[in-house]
$ cat protein03.cif   # mmCIF, C-alpha atoms and all ligand atoms
data_final
loop_
_atom_site.group_PDB
_atom_site.id
_atom_site.type_symbol
_atom_site.label_atom_id
_atom_site.label_comp_id
_atom_site.auth_asym_id
_atom_site.auth_seq_id
_atom_site.Cartn_x
_atom_site.Cartn_y
_atom_site.Cartn_z
ATOM 1 C CA MET A 1 0.000 0.000 0.000
ATOM 2 C CA PRO A 2 1.397 3.447 -0.887
ATOM 3 C CA GLU A 3 2.076 6.062 1.773
ATOM 4 C CA ASP A 4 -1.180 7.747 2.714
ATOM 5 C CA ARG A 5 -1.816 10.755 0.537
ATOM 6 C CA LYS A 6 -3.340 13.984 1.801
ATOM 7 C CA MET A 7 -6.509 15.384 0.259
ATOM 8 C CA PRO A 8 -8.415 18.659 0.657
ATOM 9 C CA ASN A 9 -11.145 18.729 3.303
ATOM 10 C CA ASP A 10 -13.775 19.715 0.746
ATOM 11 C CA ALA A 11 -13.206 16.542 -1.313
ATOM 12 C CA LEU A 12 -14.215 14.311 1.607
ATOM 13 C CA ARG A 13 -16.971 16.699 2.691
ATOM 14 C CA LEU A 14 -18.597 16.589 -0.772
ATOM 15 C CA PHE A 15 -18.219 12.820 -0.812
ATOM 16 C CA PHE A 16 -19.988 12.525 2.556
ATOM 17 C CA LEU A 17 -22.830 14.820 1.415
ATOM 18 C CA ALA A 18 -23.263 12.668 -1.683
ATOM 19 C CA ILE A 19 -23.307 9.422 0.318
ATOM 20 C CA GLU A 20 -25.851 10.938 2.679
ATOM 21 C CA GLU A 21 -28.088 11.937 -0.216
ATOM 22 C CA VAL A 22 -28.143 8.377 -1.527
ATOM 23 C CA MET A 23 -28.170 6.443 1.774
ATOM 24 C CA GLY A 24 -29.970 8.843 4.110
ATOM 25 C CA LYS A 25 -28.646 10.032 7.440
ATOM 26 C CA GLU A 26 -28.920 6.665 9.205
ATOM 27 C CA GLY A 27 -27.234 4.864 6.333
ATOM 28 C CA MET A 28 -24.488 7.467 6.376
ATOM 29 C CA HIS A 29 -23.889 6.903 10.089
ATOM 30 C CA ALA A 30 -23.728 3.150 9.496
ATOM 31 C CA ALA A 31 -21.235 3.688 6.673
ATOM 32 C CA LEU A 32 -19.030 5.929 8.810
ATOM 33 C CA ARG A 33 -19.048 3.377 11.617
ATOM 34 C CA GLY A 34 -18.254 0.619 9.105
ATOM 35 C CA ALA A 35 -15.339 2.674 7.811
ATOM 36 C CA LYS A 36 -14.092 3.326 11.366
ATOM 37 C CA LEU A 37 -14.582 7.005 10.674
ATOM 38 C CA GLU A 38 -16.897 7.666 13.649
ATOM 39 C CA LYS A 39 -15.109 10.932 14.282
ATOM 40 C CA TYR A 40 -16.929 12.357 11.248
ATOM 41 C CA ILE A 41 -20.465 11.485 12.441
ATOM 42 C CA ASN A 42 -22.306 14.834 12.528
ATOM 43 C CA ASN A 43 -18.883 16.403 12.095
ATOM 44 C CA TYR A 44 -17.988 16.527 8.400
ATOM 45 C CA PRO A 45 -14.675 18.042 7.292
ATOM 46 C CA PRO A 46 -14.837 21.834 6.787
ATOM 47 C CA LYS A 47 -15.529 23.442 3.425
ATOM 48 C CA ASN A 48 -11.995 24.470 2.547
ATOM 49 C CA LEU A 49 -9.064 23.226 0.477
ATOM 50 C CA GLU A 50 -6.575 22.560 3.282
ATOM 51 C CA LEU A 51 -5.039 19.108 2.985
ATOM 52 C CA GLY A 52 -6.652 17.873 6.211
ATOM 53 C CA VAL A 53 -7.960 14.427 5.210
ATOM 54 C CA THR A 54 -6.472 11.418 3.445
ATOM 55 C CA MET A 55 -7.063 9.174 0.462
ATOM 56 C CA ALA A 56 -7.250 6.206 2.826
ATOM 57 C CA GLU A 57 -10.213 7.815 4.612
ATOM 58 C CA TYR A 58 -11.949 8.439 1.295
ATOM 59 C CA GLY A 59 -11.238 4.829 0.273
ATOM 60 C CA ALA A 60 -12.530 3.479 3.592
ATOM 61 C CA ALA A 61 -15.815 5.359 3.209
ATOM 62 C CA GLU A 62 -16.159 4.071 -0.353
ATOM 63 C CA GLN A 63 -15.546 0.525 0.853
ATOM 64 C CA ALA A 64 -18.115 0.939 3.651
ATOM 65 C CA VAL A 65 -20.814 1.932 1.145
ATOM 66 C CA GLU A 66 -19.927 -1.127 -0.900
ATOM 67 C CA ASP A 67 -20.071 -3.397 2.156
ATOM 68 C CA PHE A 68 -23.428 -1.906 3.137
ATOM 69 C CA TYR A 69 -25.069 -2.779 -0.197
ATOM 70 C CA GLY A 70 -23.135 -5.945 -0.944
ATOM 71 C CA PRO A 71 -21.181 -6.664 -4.107
ATOM 72 C CA ARG A 72 -24.254 -6.814 -6.349
ATOM 73 C CA GLY A 73 -25.961 -3.606 -5.349
ATOM 74 C CA ALA A 74 -22.835 -1.591 -4.698
ATOM 75 C CA ARG A 75 -21.922 -0.693 -8.245
ATOM 76 C CA ALA A 76 -25.207 1.073 -9.005
ATOM 77 C CA MET A 77 -25.240 2.816 -5.617
ATOM 78 C CA LEU A 78 -21.637 4.021 -5.869
ATOM 79 C CA THR A 79 -22.292 5.336 -9.357
ATOM 80 C CA ARG A 80 -25.273 7.250 -7.954
ATOM 81 C CA VAL A 81 -23.092 8.644 -5.171
ATOM 82 C CA GLY A 82 -20.588 9.800 -7.803
ATOM 83 C CA ARG A 83 -23.360 11.552 -9.735
ATOM 84 C CA ALA A 84 -24.598 13.238 -6.558
ATOM 85 C CA LEU A 85 -21.039 14.299 -5.754
ATOM 86 C CA PHE A 86 -20.691 16.022 -9.104
ATOM 87 C CA ASN A 87 -23.978 17.864 -8.559
ATOM 88 C CA TYR A 88 -22.958 19.059 -5.097
ATOM 89 C CA GLY A 89 -19.611 20.214 -6.442
ATOM 90 C CA MET A 90 -21.402 22.017 -9.245
ATOM 91 C CA LYS A 91 -23.964 23.664 -6.998
ATOM 92 C CA GLU A 92 -21.250 24.936 -4.680
ATOM 93 C CA GLN A 93 -18.768 25.704 -7.465
ATOM 94 C CA SER A 94 -16.222 23.642 -5.579
ATOM 95 C CA ALA A 95 -12.624 24.070 -6.706
ATOM 96 C CA VAL A 96 -12.274 20.331 -6.105
ATOM 97 C CA LEU A 97 -13.975 19.707 -9.450
ATOM 98 C CA GLY A 98 -12.447 22.723 -11.174
ATOM 99 C CA LEU A 99 -15.624 23.786 -12.912
ATOM 100 C CA ALA A 100 -16.252 26.970 -14.828
ATOM 101 C CA GLY A 101 -20.005 26.400 -14.637
ATOM 102 C CA GLN A 102 -22.661 27.792 -16.944
ATOM 103 C CA ALA A 103 -20.173 29.769 -19.036
ATOM 104 C CA LEU A 104 -18.574 26.550 -20.227
ATOM 105 C CA LYS A 105 -21.883 24.843 -20.830
ATOM 106 C CA LEU A 106 -23.132 27.688 -23.027
ATOM 107 C CA MET A 107 -19.935 28.119 -25.060
ATOM 108 C CA PRO A 108 -20.678 28.088 -28.792
ATOM 109 C CA VAL A 109 -18.180 25.354 -29.705
ATOM 110 C CA PRO A 110 -18.739 21.753 -30.877
ATOM 111 C CA LEU A 111 -19.710 19.172 -28.284
ATOM 112 C CA VAL A 112 -16.421 17.285 -28.380
ATOM 113 C CA ALA A 113 -14.432 20.507 -27.881
ATOM 114 C CA LYS A 114 -16.562 21.343 -24.855
ATOM 115 C CA MET A 115 -16.074 17.876 -23.420
ATOM 116 C CA LYS A 116 -12.334 18.283 -23.770
ATOM 117 C CA LEU A 117 -12.385 21.670 -22.018
ATOM 118 C CA LEU A 118 -14.310 20.288 -19.061
ATOM 119 C CA LEU A 119 -12.117 17.192 -18.766
ATOM 120 C CA GLU A 120 -9.011 19.389 -18.927
ATOM 121 C CA GLN A 121 -10.395 21.540 -16.117
ATOM 122 C CA MET A 122 -11.167 18.498 -14.012
ATOM 123 C CA ALA A 123 -7.672 17.124 -14.607
ATOM 124 C CA ALA A 124 -6.108 20.480 -13.709
ATOM 125 C CA ALA A 125 -8.133 20.571 -10.484
ATOM 126 C CA GLY A 126 -6.951 17.056 -9.642
ATOM 127 C CA ASN A 127 -3.313 18.057 -10.021
ATOM 128 C CA LYS A 128 -3.537 21.502 -8.484
ATOM 129 C CA THR A 129 -6.204 21.206 -5.785
ATOM 130 C CA VAL A 130 -6.949 17.584 -4.948
ATOM 131 C CA ASN A 131 -3.328 16.364 -4.746
ATOM 132 C CA GLN A 132 -4.270 13.506 -7.066
ATOM 133 C CA PRO A 133 -2.103 13.379 -10.193
ATOM 134 C CA VAL A 134 -4.143 12.868 -13.339
ATOM 135 C CA TYR A 135 -3.684 13.411 -17.065
ATOM 136 C CA LEU A 136 -5.900 13.434 -20.124
ATOM 137 C CA GLU A 137 -5.316 11.346 -23.241
ATOM 138 C CA GLU A 138 -7.307 11.258 -26.433
ATOM 139 C CA ASP A 139 -7.707 9.213 -29.595
ATOM 140 C CA ALA A 140 -10.159 9.371 -32.491
ATOM 141 C CA ASP A 141 -12.989 7.711 -30.531
ATOM 142 C CA ALA A 142 -12.589 8.694 -26.906
ATOM 143 C CA PHE A 143 -10.992 10.706 -24.123
ATOM 144 C CA TYR A 144 -9.153 8.940 -21.321
ATOM 145 C CA LEU A 145 -8.624 10.303 -17.824
ATOM 146 C CA VAL A 146 -5.644 8.512 -16.318
ATOM 147 C CA TYR A 147 -4.867 8.397 -12.571
ATOM 148 C CA PRO A 148 -1.461 7.037 -11.481
ATOM 149 C CA ALA A 149 -2.598 7.180 -7.808
ATOM 150 C CA CYS A 150 -6.077 6.456 -6.493
ATOM 151 C CA MET A 151 -8.148 5.825 -3.346
ATOM 152 C CA CYS A 152 -8.743 2.284 -4.563
ATOM 153 C CA GLU A 153 -5.144 1.409 -3.619
ATOM 154 C CA TYR A 154 -6.219 1.648 0.034
ATOM 155 C CA ARG A 155 -9.100 -0.791 -0.398
ATOM 156 C CA PRO A 156 -9.180 -4.616 -0.354
ATOM 157 C CA ARG A 157 -8.439 -6.307 -3.663
ATOM 158 C CA HIS A 158 -11.445 -6.753 -5.954
ATOM 159 C CA SER A 159 -12.001 -8.956 -8.988
ATOM 160 C CA SER A 160 -13.067 -6.149 -11.353
ATOM 161 C CA PRO A 161 -12.465 -2.363 -11.595
ATOM 162 C CA THR A 162 -13.640 -0.697 -8.370
ATOM 163 C CA CYS A 163 -13.757 3.034 -9.022
ATOM 164 C CA HIS A 164 -17.503 3.423 -9.607
ATOM 165 C CA ILE A 165 -17.548 6.805 -7.860
ATOM 166 C CA THR A 166 -15.324 8.287 -10.552
ATOM 167 C CA VAL A 167 -17.423 6.644 -13.270
ATOM 168 C CA GLY A 168 -20.474 8.338 -11.711
ATOM 169 C CA ILE A 169 -18.749 11.727 -11.476
ATOM 170 C CA LEU A 170 -17.637 11.615 -15.117
ATOM 171 C CA SER A 171 -20.996 10.306 -16.378
ATOM 172 C CA GLU A 172 -22.825 13.109 -14.602
ATOM 173 C CA ALA A 173 -20.285 15.716 -15.754
ATOM 174 C CA MET A 174 -20.873 14.757 -19.388
ATOM 175 C CA LYS A 175 -24.645 14.625 -18.863
ATOM 176 C CA TRP A 176 -24.624 18.092 -17.287
ATOM 177 C CA LEU A 177 -22.472 19.504 -20.070
ATOM 178 C CA THR A 178 -24.253 17.993 -23.075
ATOM 179 C CA ASP A 179 -27.698 16.755 -21.893
ATOM 180 C CA LYS A 180 -26.709 13.395 -23.363
ATOM 181 C CA ASN A 181 -25.666 10.056 -21.852
ATOM 182 C CA PHE A 182 -22.134 8.746 -22.335
ATOM 183 C CA ASN A 183 -21.072 5.192 -21.530
ATOM 184 C CA VAL A 184 -18.106 5.994 -19.237
ATOM 185 C CA GLN A 185 -16.094 2.917 -18.258
ATOM 186 C CA GLU A 186 -13.069 2.161 -16.114
ATOM 187 C CA THR A 187 -10.893 0.067 -18.400
ATOM 188 C CA GLU A 188 -7.838 -0.347 -16.150
ATOM 189 C CA CYS A 189 -7.741 -0.169 -12.332
ATOM 190 C CA LEU A 190 -4.912 -0.007 -9.798
ATOM 191 C CA ASN A 191 -7.005 -2.057 -7.363
ATOM 192 C CA ILE A 192 -6.905 -5.144 -9.563
ATOM 193 C CA GLY A 193 -3.265 -4.835 -10.585
ATOM 194 C CA GLY A 194 -3.393 -2.164 -13.273
ATOM 195 C CA LYS A 195 -0.586 0.387 -13.591
ATOM 196 C CA VAL A 196 -3.117 3.237 -13.410
ATOM 197 C CA CYS A 197 -6.852 3.816 -13.129
ATOM 198 C CA ARG A 198 -8.021 4.667 -16.634
ATOM 199 C CA PHE A 199 -11.477 5.965 -17.530
ATOM 200 C CA LYS A 200 -12.746 5.926 -21.104
ATOM 201 C CA ILE A 201 -15.172 8.669 -22.099
ATOM 202 C CA PRO A 202 -16.472 7.991 -25.626
ATOM 203 C CA LYS A 203 -16.794 11.024 -27.890
ATOM 204 C CA THR A 204 -20.153 9.781 -29.140
ATOM 205 C CA PRO A 205 -23.123 9.683 -26.769
ATOM 206 C CA GLU A 206 -25.267 6.594 -26.231
ATOM 207 C CA SER A 207 -28.461 8.598 -26.206
HETATM 208 ZN ZN ZN B 301 -9.568 2.209 -10.102
#

$ encode --input "protein03.cif" --output "structure tokens"
Amino acid sequence: MPEDRKMPNDALRLFFLAIEEVMGKEGMHAALRGAKLEKYINNYPPKNLELGVTMAEYGAAEQAVEDFYGPRGARAMLTRVGRALFNYGMKEQSAVLGLAGQALKLMPVPLVAKMKLLLEQMAAAGNKTVNQPVYLEEDADAFYLVYPACMCEYRPRHSSPTCHITVGILSEAMKWLTDKNFNVQETECLNIGGKVCRFKIPKTPES
């Protein structure tokens, strides 16, 4: 396991708000107890960008949600939490997501150019604000967000890619930006022995 990496308070705070929206307050308390993060019950991290929390804490909370729903239900629930997290970040204009907001959405440029701008902003926020290195790649068919370090490294080994939160965040980001649905997938994952976590965002929407 890598040395525990610091994260900004607001990243964990937004994550907790998103979990609470999906699981309710009681479910959230159960998840925090399951993650051995009781200290955060009714005491979320403050809304600032100081590096006061850790990736391991984020990973533990993610794992607790998964344990709560069981392996079958967890994927859909975690994806929903990721979508809720994006919406909270958007509503609060959190620097954690690096969003320019409505101005970007209304820019008179082609869809694919807009998608690239938003993904670039999210990658820049990862590097600059979240203390999570990330870079953007692109080919003719898709964009790829690539994370050489991830919360999933602090979680038990799985048998398939585990980073459903990020899939949810990216799916909702594209939906917000374009009003269309994109089939975002994690194609390589550190948790199952990958060299990076890699997320494929097709340039063509599903619907
Ligand atoms: Zn992963």

$ residues_near_point --input "protein03.cif" --point "(-24.9, 1.3, -7.4)" --cutoff "12 Å" --atoms "only C-alpha atoms" --output "PyMOL selection string"
chain A and resi 19+22-23+62+65-84+162-165+167-168

$ write_last_selection --input "protein03.cif" --atoms "C-alpha atoms" --output "compact mmCIF listing (two decimals), keeping the file's coordinate frame"
# COMPACT_ATOMS: atom_id res chain seq x y z
CA ILE A 19 -23.31 9.42 0.32
CA VAL A 22 -28.14 8.38 -1.53
CA MET A 23 -28.17 6.44 1.77
CA GLU A 62 -16.16 4.07 -0.35
CA VAL A 65 -20.81 1.93 1.14
CA GLU A 66 -19.93 -1.13 -0.90
CA ASP A 67 -20.07 -3.40 2.16
CA PHE A 68 -23.43 -1.91 3.14
CA TYR A 69 -25.07 -2.78 -0.20
CA GLY A 70 -23.14 -5.94 -0.94
CA PRO A 71 -21.18 -6.66 -4.11
CA ARG A 72 -24.25 -6.81 -6.35
CA GLY A 73 -25.96 -3.61 -5.35
CA ALA A 74 -22.84 -1.59 -4.70
CA ARG A 75 -21.92 -0.69 -8.24
CA ALA A 76 -25.21 1.07 -9.01
CA MET A 77 -25.24 2.82 -5.62
CA LEU A 78 -21.64 4.02 -5.87
CA THR A 79 -22.29 5.34 -9.36
CA ARG A 80 -25.27 7.25 -7.95
CA VAL A 81 -23.09 8.64 -5.17
CA GLY A 82 -20.59 9.80 -7.80
CA ARG A 83 -23.36 11.55 -9.74
CA ALA A 84 -24.60 13.24 -6.56
CA THR A 162 -13.64 -0.70 -8.37
CA CYS A 163 -13.76 3.03 -9.02
CA HIS A 164 -17.50 3.42 -9.61
CA ILE A 165 -17.55 6.80 -7.86
CA VAL A 167 -17.42 6.64 -13.27
CA GLY A 168 -20.47 8.34 -11.71

$ residues_around --input "protein03.cif" --residues "A:Asp139" --least-positions-apart "2" --cutoff "12 Å" --atoms "only C-alpha atoms" --output "list in words"
Val112, Lys116, Leu136, Glu137, Asp141, Ala142, Phe143, Tyr144, Leu145, Lys200, Ile201, Pro202 and Lys203 of chain A

$ closest_residue --input "protein03.cif" --among "A:Thr166, A:Ser207, A:Thr187, A:Thr178" --to "A:Leu104" --atoms "all atoms listed in the file"
A:Thr178

$ resolve_selection --input "protein03.cif" --expression "the PyMOL selection byres (((not hetatm)) within 12 of (chain B and resi 301))" --output "number ranges by chain"
A: 59, 62, 145-167, 185-199

$ closest_residue --input "protein03.cif" --among "A:Pro205, A:Gly126, A:Pro46, A:Gly101" --to "A:Met174" --atoms "all atoms listed in the file"
A:Pro205

$ residues_around --input "protein03.cif" --residues "A:Ala11" --least-positions-apart "3" --cutoff "8 Å" --atoms "all atoms listed in the file" --output "JSON, numbers by chain"
{"A": [7, 8, 14, 15, 96, 130]}

$ closest_residue --input "protein03.cif" --among "A:Leu85, A:Leu32, A:Met55, A:Leu99" --to "A:Leu117" --atoms "all atoms listed in the file"
A:Leu99

$ atom_distance --input "protein03.cif" --atom1 "atom CA of A:Thr54" --atom2 "atom CA of A:Lys6"
4.4 Å

$ atom_distance --input "protein03.cif" --atom1 "atom CA of A:Val134" --atom2 "atom CA of A:Met28"
28.8 Å

$ residues_near_point --input "protein03.cif" --point "(-16.8, 15.9, 6.7)" --cutoff "6 Å" --atoms "all atoms listed in the file" --output "MDAnalysis selection string"
chainID A and resid 12:13 40 43:45

$ atom_distance --input "protein03.cif" --atom1 "atom CA of A:Asp10" --atom2 "atom CA of A:Tyr88"
10.9 Å

$ closest_residue --input "protein03.cif" --among "A:Phe86, A:Ala30, A:Thr204, A:Glu20" --to "A:Leu111" --atoms "only C-alpha atoms"
A:Thr204

$ axis_aligned_box --input "protein03.cif" --around "stretch 14-21 of chain A" --padding-each-side "4 Å" --output "lines of an AutoDock Vina configuration file"
center_x = -23.2
center_y = 13.0
center_z = 0.5
size_x = 17.9
size_y = 15.2
size_z = 12.4

$ closest_residue --input "protein03.cif" --among "A:Ala140, A:Val53, A:Ala103, A:Leu97" --to "A:Ala124" --atoms "all atoms listed in the file"
A:Leu97

$ closest_residue --input "protein03.cif" --among "A:Glu21, A:Asp179, A:Glu57, A:Asp4" --to "A:Lys105" --atoms "all atoms listed in the file"
A:Asp179
